[in-house]
file query37.cif (mmCIF, C-alpha atoms)
data_start
loop_
_atom_site.group_PDB
_atom_site.id
_atom_site.type_symbol
_atom_site.label_atom_id
_atom_site.label_comp_id
_atom_site.auth_asym_id
_atom_site.auth_seq_id
_atom_site.Cartn_x
_atom_site.Cartn_y
_atom_site.Cartn_z
ATOM 1 C CA MET S 20 -77.297 -120.710 -103.950
ATOM 2 C CA ARG S 21 -77.564 -116.992 -104.165
ATOM 3 C CA ASP S 22 -74.293 -115.072 -104.171
ATOM 4 C CA GLU S 23 -74.800 -112.312 -101.766
ATOM 5 C CA THR S 24 -72.557 -109.321 -102.098
ATOM 6 C CA SER S 25 -72.118 -107.118 -99.074
ATOM 7 C CA GLU S 26 -73.215 -103.625 -99.604
ATOM 8 C CA PRO S 27 -70.589 -100.959 -99.060
ATOM 9 C CA GLU S 28 -70.776 -99.191 -95.799
ATOM 10 C CA PRO S 29 -72.142 -95.701 -96.134
ATOM 11 C CA THR S 30 -69.505 -92.948 -96.011
ATOM 12 C CA PRO S 31 -70.032 -90.848 -92.938
ATOM 13 C CA LEU S 32 -70.844 -87.262 -93.553
ATOM 14 C CA SER S 33 -67.836 -84.984 -92.967
ATOM 15 C CA GLN S 34 -68.145 -82.721 -90.024
ATOM 16 C CA PRO S 35 -68.306 -79.044 -90.885
ATOM 17 C CA ARG S 36 -64.919 -77.319 -90.348
ATOM 18 C CA THR S 37 -64.661 -74.803 -87.521
ATOM 19 C CA PRO S 38 -63.989 -71.283 -88.857
ATOM 20 C CA TRP S 39 -60.396 -70.114 -88.340
ATOM 21 C CA TRP S 40 -61.382 -67.300 -86.058
ATOM 22 C CA ARG S 41 -62.981 -69.807 -83.722
ATOM 23 C CA ARG S 42 -59.847 -71.954 -83.639
ATOM 24 C CA ILE S 43 -57.678 -69.083 -82.312
ATOM 25 C CA ASP S 44 -57.146 -68.726 -78.613
ATOM 26 C CA TRP S 45 -57.881 -65.058 -78.483
ATOM 27 C CA THR S 46 -56.871 -64.784 -74.849
ATOM 28 C CA LYS S 47 -53.299 -65.840 -75.655
ATOM 29 C CA THR S 48 -53.252 -63.744 -78.803
ATOM 30 C CA ALA S 49 -54.346 -60.662 -76.916
ATOM 31 C CA THR S 50 -51.598 -61.282 -74.403
ATOM 32 C CA VAL S 51 -48.955 -61.587 -77.153
ATOM 33 C CA VAL S 52 -50.234 -58.479 -78.906
ATOM 34 C CA GLY S 53 -50.212 -56.594 -75.629
ATOM 35 C CA VAL S 54 -46.634 -57.655 -74.918
ATOM 36 C CA ALA S 55 -45.550 -56.652 -78.447
ATOM 37 C CA ALA S 56 -47.309 -53.322 -78.115
ATOM 38 C CA GLY S 57 -45.619 -52.772 -74.764
ATOM 39 C CA ILE S 58 -42.191 -53.547 -76.247
ATOM 40 C CA GLY S 59 -42.884 -51.198 -79.140
ATOM 41 C CA SER S 60 -43.968 -48.489 -76.754
ATOM 42 C CA LEU S 61 -40.824 -48.961 -74.677
ATOM 43 C CA LEU S 62 -38.634 -48.817 -77.794
ATOM 44 C CA PHE S 63 -40.363 -45.662 -78.978
ATOM 45 C CA THR S 64 -40.033 -44.098 -75.533
ATOM 46 C CA GLY S 65 -36.366 -45.075 -75.372
ATOM 47 C CA VAL S 66 -35.610 -43.620 -78.807
ATOM 48 C CA ALA S 67 -37.546 -40.453 -78.000
ATOM 49 C CA THR S 68 -35.744 -40.140 -74.655
ATOM 50 C CA TYR S 69 -32.339 -40.643 -76.329
ATOM 51 C CA TYR S 70 -32.940 -38.011 -78.986
ATOM 52 C CA GLY S 71 -34.443 -35.719 -76.380
ATOM 53 C CA ALA S 72 -31.269 -36.086 -74.315
ATOM 54 C CA VAL S 73 -29.118 -35.417 -77.398
ATOM 55 C CA VAL S 74 -31.079 -32.268 -78.201
ATOM 56 C CA SER S 75 -30.927 -31.114 -74.585
ATOM 57 C CA GLN S 76 -27.167 -31.697 -74.474
ATOM 58 C CA ALA S 77 -26.709 -29.775 -77.719
ATOM 59 C CA GLN S 78 -28.823 -26.917 -76.363
ATOM 60 C CA LEU S 79 -26.811 -26.919 -73.119
ATOM 61 C CA GLU S 80 -23.517 -26.828 -75.020
ATOM 62 C CA GLN S 81 -24.813 -24.039 -77.235
ATOM 63 C CA SER S 82 -25.916 -22.120 -74.146
ATOM 64 C CA ARG S 83 -22.472 -22.572 -72.614
ATOM 65 C CA GLU S 84 -20.799 -21.425 -75.828
ATOM 66 C CA ASP S 85 -23.044 -18.369 -75.993
ATOM 67 C CA SER S 86 -22.326 -17.576 -72.345
ATOM 68 C CA GLU S 87 -18.567 -17.987 -72.825
ATOM 69 C CA ARG S 88 -18.694 -15.899 -75.992
ATOM 70 C CA GLN S 89 -20.496 -13.177 -74.076
ATOM 71 C CA VAL S 90 -17.937 -13.293 -71.247
ATOM 72 C CA ARG S 91 -15.016 -13.193 -73.697
ATOM 73 C CA GLY S 92 -16.662 -10.674 -76.005
ATOM 74 C CA GLN S 93 -14.704 -7.560 -75.070
ATOM 75 C CA ALA S 94 -11.441 -9.402 -74.450
ATOM 76 C CA MET S 95 -11.584 -10.809 -77.990
ATOM 77 C CA ARG S 96 -11.318 -7.267 -79.283
ATOM 78 C CA VAL S 97 -8.129 -6.522 -77.322
ATOM 79 C CA THR S 98 -4.895 -7.742 -78.860
ATOM 80 C CA TYR S 99 -1.385 -6.892 -80.024
ATOM 81 C CA TRP S 100 0.949 -7.399 -82.963
ATOM 82 C CA ILE S 101 4.321 -6.239 -84.299
ATOM 83 C CA ASP S 102 4.956 -4.718 -87.711
ATOM 84 C CA LYS S 103 6.991 -1.942 -89.353
ATOM 85 C CA ASP S 104 6.045 1.715 -89.703
ATOM 86 C CA SER S 105 6.292 3.723 -92.927
ATOM 87 C CA GLU S 106 10.031 4.220 -92.340
ATOM 88 C CA GLY S 107 10.670 0.507 -91.812
ATOM 89 C CA VAL S 108 11.077 0.683 -88.033
ATOM 90 C CA HIS S 109 9.583 -2.175 -86.024
ATOM 91 C CA GLN S 110 6.816 -1.264 -83.598
ATOM 92 C CA LEU S 111 4.472 -2.950 -81.137
ATOM 93 C CA HIS S 112 0.715 -2.316 -81.407
ATOM 94 C CA VAL S 113 -1.518 -2.851 -78.350
ATOM 95 C CA VAL S 114 -5.124 -2.326 -79.477
ATOM 96 C CA ASN S 115 -8.545 -2.055 -77.833
ATOM 97 C CA ARG S 116 -11.256 -2.183 -80.505
ATOM 98 C CA SER S 117 -14.138 -2.370 -78.033
ATOM 99 C CA LEU S 118 -16.372 0.500 -76.906
ATOM 100 C CA ASP S 119 -15.274 0.104 -73.273
ATOM 101 C CA PRO S 120 -11.879 0.740 -71.688
ATOM 102 C CA VAL S 121 -9.542 -1.994 -70.498
ATOM 103 C CA ASN S 122 -7.539 -1.477 -67.342
ATOM 104 C CA HIS S 123 -4.286 -2.565 -65.707
ATOM 105 C CA VAL S 124 -2.631 -3.287 -69.027
ATOM 106 C CA ASN S 125 0.722 -4.960 -68.382
ATOM 107 C CA VAL S 126 3.020 -5.675 -71.295
ATOM 108 C CA ASP S 127 6.367 -7.426 -71.052
ATOM 109 C CA LEU S 128 8.264 -6.970 -74.313
ATOM 110 C CA MET S 129 11.494 -8.862 -74.914
ATOM 111 C CA VAL S 130 13.515 -7.949 -78.021
ATOM 112 C CA ARG S 131 16.539 -9.866 -79.243
ATOM 113 C CA LEU S 132 19.952 -8.256 -79.241
ATOM 114 C CA PRO S 133 22.583 -8.960 -81.904
ATOM 115 C CA PRO S 134 24.142 -11.232 -82.907
ATOM 116 C CA ILE S 135 20.839 -12.943 -83.792
ATOM 117 C CA GLU S 136 22.258 -16.139 -85.253
ATOM 118 C CA GLU S 137 24.809 -16.779 -82.530
ATOM 119 C CA GLY S 138 24.483 -17.868 -78.933
ATOM 120 C CA PRO S 139 24.065 -17.269 -76.169
ATOM 121 C CA HIS S 140 20.846 -15.428 -76.991
ATOM 122 C CA LYS S 141 20.617 -11.979 -75.469
ATOM 123 C CA TRP S 142 17.344 -10.139 -74.916
ATOM 124 C CA ALA S 143 16.439 -6.646 -73.730
ATOM 125 C CA LYS S 144 13.318 -6.625 -71.547
ATOM 126 C CA TYR S 145 10.886 -3.684 -71.579
ATOM 127 C CA GLN S 146 7.781 -3.265 -69.434
ATOM 128 C CA MET S 147 4.577 -1.232 -69.533
ATOM 129 C CA GLN S 148 2.618 -1.603 -66.308
ATOM 130 C CA ALA S 149 -0.824 -0.552 -65.017
ATOM 131 C CA VAL S 150 -1.735 1.336 -68.172
ATOM 132 C CA ASP S 151 -5.395 2.043 -68.959
ATOM 133 C CA LEU S 152 -6.356 1.694 -72.611
ATOM 134 C CA ALA S 153 -9.273 3.855 -73.745
ATOM 135 C CA PRO S 154 -12.044 2.585 -76.039
ATOM 136 C CA CYS S 155 -11.200 2.464 -79.736
ATOM 137 C CA SER S 156 -7.537 3.221 -79.202
ATOM 138 C CA GLU S 157 -4.090 1.714 -79.570
ATOM 139 C CA LEU S 158 -0.663 2.117 -78.027
ATOM 140 C CA LEU S 159 2.355 2.219 -80.320
ATOM 141 C CA VAL S 160 5.826 1.363 -79.067
ATOM 142 C CA PRO S 161 8.443 1.848 -81.816
ATOM 143 C CA TRP S 162 11.828 0.211 -81.402
ATOM 144 C CA ASP S 163 13.570 3.582 -81.763
ATOM 145 C CA SER S 164 12.019 4.626 -78.418
ATOM 146 C CA LEU S 165 13.738 1.745 -76.582
ATOM 147 C CA SER S 166 17.124 1.612 -74.873
ATOM 148 C CA TYR S 167 18.919 -1.118 -72.925
ATOM 149 C CA GLN S 168 21.911 -1.536 -70.669
ATOM 150 C CA GLU S 169 24.671 -3.883 -71.646
ATOM 151 C CA GLU S 170 25.938 -3.876 -68.064
ATOM 152 C CA ARG S 171 24.131 -3.074 -64.827
ATOM 153 C CA ASN S 172 24.319 0.692 -64.128
ATOM 154 C CA GLY S 173 26.096 1.044 -67.442
ATOM 155 C CA GLU S 174 25.465 3.167 -70.496
ATOM 156 C CA TRP S 175 22.042 3.091 -72.136
ATOM 157 C CA LYS S 176 22.166 1.980 -75.757
ATOM 158 C CA LYS S 177 19.562 2.197 -78.502
ATOM 159 C CA GLN S 178 17.637 -0.994 -79.183
ATOM 160 C CA PRO S 179 18.738 -2.442 -82.555
ATOM 161 C CA ASP S 180 15.876 -2.739 -85.040
ATOM 162 C CA VAL S 181 15.369 -6.518 -85.155
ATOM 163 C CA ASP S 182 12.174 -8.481 -85.795
ATOM 164 C CA VAL S 183 12.651 -11.157 -83.103
ATOM 165 C CA ALA S 184 10.503 -10.378 -80.062
ATOM 166 C CA ARG S 185 8.315 -12.011 -77.414
ATOM 167 C CA VAL S 186 5.288 -10.390 -75.779
ATOM 168 C CA THR S 187 3.317 -11.224 -72.613
ATOM 169 C CA PHE S 188 0.133 -9.150 -72.489
ATOM 170 C CA ILE S 189 -2.181 -9.070 -69.420
ATOM 171 C CA PHE S 190 -5.224 -6.809 -68.965
ATOM 172 C CA ASP S 191 -8.564 -6.475 -67.135
ATOM 173 C CA ASP S 192 -11.827 -6.207 -69.049
ATOM 174 C CA ARG S 193 -14.685 -3.836 -68.136
ATOM 175 C CA ASP S 194 -15.948 -6.291 -65.490
ATOM 176 C CA GLY S 195 -12.548 -6.599 -63.833
ATOM 177 C CA ARG S 196 -11.819 -10.073 -65.234
ATOM 178 C CA PRO S 197 -8.086 -10.507 -65.947
ATOM 179 C CA TRP S 198 -7.036 -11.976 -69.299
ATOM 180 C CA VAL S 199 -3.787 -13.027 -70.916
ATOM 181 C CA ARG S 200 -2.802 -12.929 -74.557
ATOM 182 C CA THR S 201 -0.198 -15.665 -74.848
ATOM 183 C CA ASP S 202 3.034 -15.246 -76.769
ATOM 184 C CA ASP S 203 2.199 -18.302 -78.881
ATOM 185 C CA TYR S 204 2.041 -17.924 -82.635
ATOM 186 C CA ASP S 205 -1.783 -17.997 -82.551
ATOM 187 C CA GLN S 206 -1.987 -15.563 -79.609
ATOM 188 C CA ARG S 207 -4.449 -17.569 -77.533
ATOM 189 C CA LEU S 208 -6.754 -15.671 -75.183
ATOM 190 C CA VAL S 209 -7.002 -17.316 -71.744
ATOM 191 C CA SER S 210 -8.220 -16.193 -68.354
ATOM 192 C CA LEU S 211 -5.442 -15.283 -65.950
ATOM 193 C CA GLY S 212 -6.706 -17.892 -63.479
ATOM 194 C CA SER S 213 -6.254 -20.738 -65.983
ATOM 195 C CA PHE S 214 -3.012 -19.387 -67.419
ATOM 196 C CA GLU S 215 -0.102 -21.697 -66.701
ATOM 197 C CA ARG S 216 2.621 -19.364 -65.653
ATOM 198 C CA ARG S 217 5.991 -20.460 -66.845
ATOM 199 C CA ASP S 218 9.348 -18.850 -67.190
ATOM 200 C CA ASN S 219 9.644 -18.234 -70.913
ATOM 201 C CA ARG S 220 13.359 -17.772 -70.596
ATOM 202 C CA HIS S 221 15.714 -20.453 -71.762
ATOM 203 C CA PRO S 222 18.325 -21.245 -69.085
ATOM 204 C CA GLU S 223 21.064 -19.953 -71.386
ATOM 205 C CA TRP S 224 19.352 -16.692 -72.283
ATOM 206 C CA ILE S 225 20.905 -13.460 -71.068
ATOM 207 C CA ILE S 226 18.396 -10.760 -70.094
ATOM 208 C CA LYS S 227 19.373 -7.097 -70.228
ATOM 209 C CA ALA S 228 17.494 -4.262 -68.522
ATOM 210 C CA GLY S 229 15.523 -2.065 -70.907
ATOM 211 C CA ARG S 230 13.555 1.164 -70.678
ATOM 212 C CA MET S 231 11.338 3.343 -72.843
ATOM 213 C CA GLU S 232 12.853 6.728 -73.600
ATOM 214 C CA ARG S 233 9.358 8.130 -74.121
ATOM 215 C CA GLY S 234 5.836 6.948 -73.392
ATOM 216 C CA PRO S 235 3.931 4.946 -75.983
ATOM 217 C CA LEU S 236 2.070 6.848 -78.664
ATOM 218 C CA VAL S 237 -1.726 6.710 -78.385
ATOM 219 C CA LYS S 238 -3.875 6.725 -81.517
ATOM 220 C CA PRO S 239 -7.575 6.205 -82.297
ATOM 221 C CA VAL S 240 -8.501 3.138 -84.320
ATOM 222 C CA SER S 241 -11.259 2.458 -86.814
ATOM 223 C CA ASP S 242 -13.465 -0.623 -87.014
ATOM 224 C CA CYS S 243 -14.402 -0.206 -83.370
ATOM 225 C CA ALA S 244 -17.619 -1.926 -82.273
ATOM 226 C CA TYR S 245 -19.461 -3.795 -79.559
ATOM 227 C CA ASP S 246 -18.405 -7.285 -78.626
ATOM 228 C CA SER S 247 -17.992 -9.725 -81.454
ATOM 229 C CA SER S 248 -16.739 -13.283 -81.137
ATOM 230 C CA SER S 249 -15.213 -13.095 -84.607
ATOM 231 C CA ALA S 250 -13.185 -9.957 -83.929
ATOM 232 C CA SER S 251 -9.477 -10.452 -84.305
ATOM 233 C CA GLY S 252 -8.302 -6.942 -83.463
ATOM 234 C CA ARG S 253 -6.217 -6.753 -86.592
ATOM 235 C CA PRO S 254 -6.963 -4.425 -89.508
#

call {"tool": "encode", "arguments": {"input": "query37.cif", "output": "structure tokens"}}
result
Amino acid sequence: MRDETSEPEPTPLSQPRTPWWRRIDWTKTATVVGVAAGIGSLLFTGVATYYGAVVSQAQLEQSREDSERQVRGQAMRVTYWIDKDSEGVHQLHVVNRSLDPVNHVNVDLMVRLPPIEEGPHKWAKYQMQAVDLAPCSELLVPWDSLSYQEERNGEWKKQPDVDVARVTFIFDDRDGRPWVRTDDYDQRLVSLGSFERRDNRHPEWIIKAGRMERGPLVKPVSDCAYDSSSASGRP
């Protein structure tokens, strides 16, 4: 009997693989790419808008600073200080280093009376009111031109030469804007409208009437120029 061996079944031919670019659903891919591009565009627009807003804000602040500097320009060149003259006498300087006059200068000067170290503190109060200060000029008020009354309607006495004093200085610039130089250590310059008026007298202070025996001396000053935000008024 013949041993018949079954022939192996023929291996089917493999089907050719579909190229990868045909297996991609390009419709969905285009949608995803479009969404991603839209998100990227929104992010870019948002970043650009943010930095644009930052730049605009910086420009606005710079514009405001320039405008304020222009408004304060002349007033920055008007100031005061106290020092000693060549003979060692204390004196008050009120200076206008701008090329325009300042008007309605009002100065309240309070000078301590001895004894300095003991209370209650006594002060003599002196006033200069409605004075016009010419361009490039200063007023000098030496202590030896000041007198005070110990008692009302009493004898006038010479102001002792002490270095403890307080000054309130108000003036109008060339445009009629009123300004105040505060009696703080740093002599802040503020508009009269925003100045917080307060009584700078301690409740226990004793205020004596004072007067100037002669008008303030007027002198020209150097280093006089147009408005400058960096001007301090001091030599």

call {"tool": "closest_residue", "arguments": {"input": "query37.cif", "among": "S:Gln148, S:Thr98, S:Gln178, S:Ser156", "to": "Pro120 of chain S", "atoms": "only C-alpha atoms"}}
result
S:Ser156

call {"tool": "closest_residue", "arguments": {"input": "query37.cif", "among": "S:Ala153, S:Cys243, S:Ala143, S:Val108", "to": "Arg193 of chain S", "atoms": "all atoms listed in the file"}}
result
S:Ala153

call {"tool": "residues_around", "arguments": {"input": "query37.cif", "residues": "Arg116 of chain S", "least_positions_apart": "3", "cutoff": "7 Å", "atoms": "only C-alpha atoms", "output": "PyMOL selection string"}}
result
chain S and resi 96-97+154-156+243-244+252

call {"tool": "atom_distance", "arguments": {"input": "query37.cif", "atom1": "atom CA of Asp163 of chain S", "atom2": "atom CA of Arg185 of chain S"}}
result
17.0 Å

call {"tool": "closest_atom_pairs", "arguments": {"input": "query37.cif", "of": "segment 81-182 of chain S", "to": "segment 196-214 of chain S", "cutoff": "12 Å", "atoms": "only C-alpha atoms", "output": "JSON lines"}}
result
{"residue": "S:Glu87", "atom": "CA", "partner": "S:Ser210", "partner_atom": "CA", "distance": 11.4}
{"residue": "S:Arg88", "atom": "CA", "partner": "S:Leu208", "partner_atom": "CA", "distance": 12.0}
{"residue": "S:Val90", "atom": "CA", "partner": "S:Arg196", "partner_atom": "CA", "distance": 9.2}
{"residue": "S:Arg91", "atom": "CA", "partner": "S:Leu208", "partner_atom": "CA", "distance": 8.8}
{"residue": "S:Gly92", "atom": "CA", "partner": "S:Leu208", "partner_atom": "CA", "distance": 11.1}
{"residue": "S:Gln93", "atom": "CA", "partner": "S:Arg196", "partner_atom": "CA", "distance": 10.6}
{"residue": "S:Ala94", "atom": "CA", "partner": "S:Trp198", "partner_atom": "CA", "distance": 7.2}
{"residue": "S:Met95", "atom": "CA", "partner": "S:Leu208", "partner_atom": "CA", "distance": 7.4}
{"residue": "S:Arg96", "atom": "CA", "partner": "S:Leu208", "partner_atom": "CA", "distance": 10.4}
{"residue": "S:Val97", "atom": "CA", "partner": "S:Arg200", "partner_atom": "CA", "distance": 8.8}
{"residue": "S:Thr98", "atom": "CA", "partner": "S:Arg200", "partner_atom": "CA", "distance": 7.1}
{"residue": "S:Tyr99", "atom": "CA", "partner": "S:Arg200", "partner_atom": "CA", "distance": 8.3}
{"residue": "S:Trp100", "atom": "CA", "partner": "S:Gln206", "partner_atom": "CA", "distance": 9.3}
{"residue": "S:Ile101", "atom": "CA", "partner": "S:Asp202", "partner_atom": "CA", "distance": 11.8}
{"residue": "S:Val113", "atom": "CA", "partner": "S:Arg200", "partner_atom": "CA", "distance": 10.8}
{"residue": "S:Val114", "atom": "CA", "partner": "S:Arg200", "partner_atom": "CA", "distance": 11.9}
{"residue": "S:Val121", "atom": "CA", "partner": "S:Pro197", "partner_atom": "CA", "distance": 9.8}
{"residue": "S:Asn122", "atom": "CA", "partner": "S:Pro197", "partner_atom": "CA", "distance": 9.2}
{"residue": "S:His123", "atom": "CA", "partner": "S:Pro197", "partner_atom": "CA", "distance": 8.8}
{"residue": "S:Val124", "atom": "CA", "partner": "S:Pro197", "partner_atom": "CA", "distance": 9.6}
{"residue": "S:Asn125", "atom": "CA", "partner": "S:Val199", "partner_atom": "CA", "distance": 9.6}
{"residue": "S:Val126", "atom": "CA", "partner": "S:Arg200", "partner_atom": "CA", "distance": 9.9}
{"residue": "S:Asp127", "atom": "CA", "partner": "S:Asp202", "partner_atom": "CA", "distance": 10.2}
{"residue": "S:Leu128", "atom": "CA", "partner": "S:Asp202", "partner_atom": "CA", "distance": 10.1}
{"residue": "S:Met129", "atom": "CA", "partner": "S:Asp202", "partner_atom": "CA", "distance": 10.8}

call {"tool": "axis_aligned_box", "arguments": {"input": "query37.cif", "around": "segment 195-200 of chain S", "padding_each_side": "6 Å", "output": "lines of an AutoDock Vina configuration file"}}
result
center_x = -7.7
center_y = -9.8
center_z = -69.2
size_x = 21.7
size_y = 18.4
size_z = 22.7

call {"tool": "residues_near_point", "arguments": {"input": "query37.cif", "point": "(13.7, -5.9, -71.1)", "cutoff": "7 Å", "atoms": "all atoms listed in the file", "output": "VMD selection string"}}
result
chain S and resid 128 to 129 142 to 146 226 to 229

call {"tool": "atom_distance", "arguments": {"input": "query37.cif", "atom1": "atom CA of Ala149 of chain S", "atom2": "atom CA of Asp180 of chain S"}}
result
26.2 Å

call {"tool": "closest_residue", "arguments": {"input": "query37.cif", "among": "S:Asn172, S:Ser164, S:Ser105, S:Ser60", "to": "Glu232 of chain S", "atoms": "all atoms listed in the file"}}
result
S:Ser164

call {"tool": "closest_residue", "arguments": {"input": "query37.cif", "among": "S:Lys238, S:His112, S:Arg171, S:Lys141", "to": "Val186 of chain S", "atoms": "only C-alpha atoms"}}
result
S:His112

call {"tool": "resolve_selection", "arguments": {"input": "query37.cif", "expression": "the PyMOL selection byres ((chain S and resi 183) around 9)", "output": "list in words"}}
result
Met129, Val130, Arg131, Leu132, Ile135, Val181, Asp182, Ala184 and Arg185 of chain S

call {"tool": "residues_near_point", "arguments": {"input": "query37.cif", "point": "(12.6, 7.6, -76.5)", "cutoff": "10 Å", "atoms": "all atoms listed in the file", "output": "PyMOL selection string"}}
result
chain S and resi 160-166+177+230-235
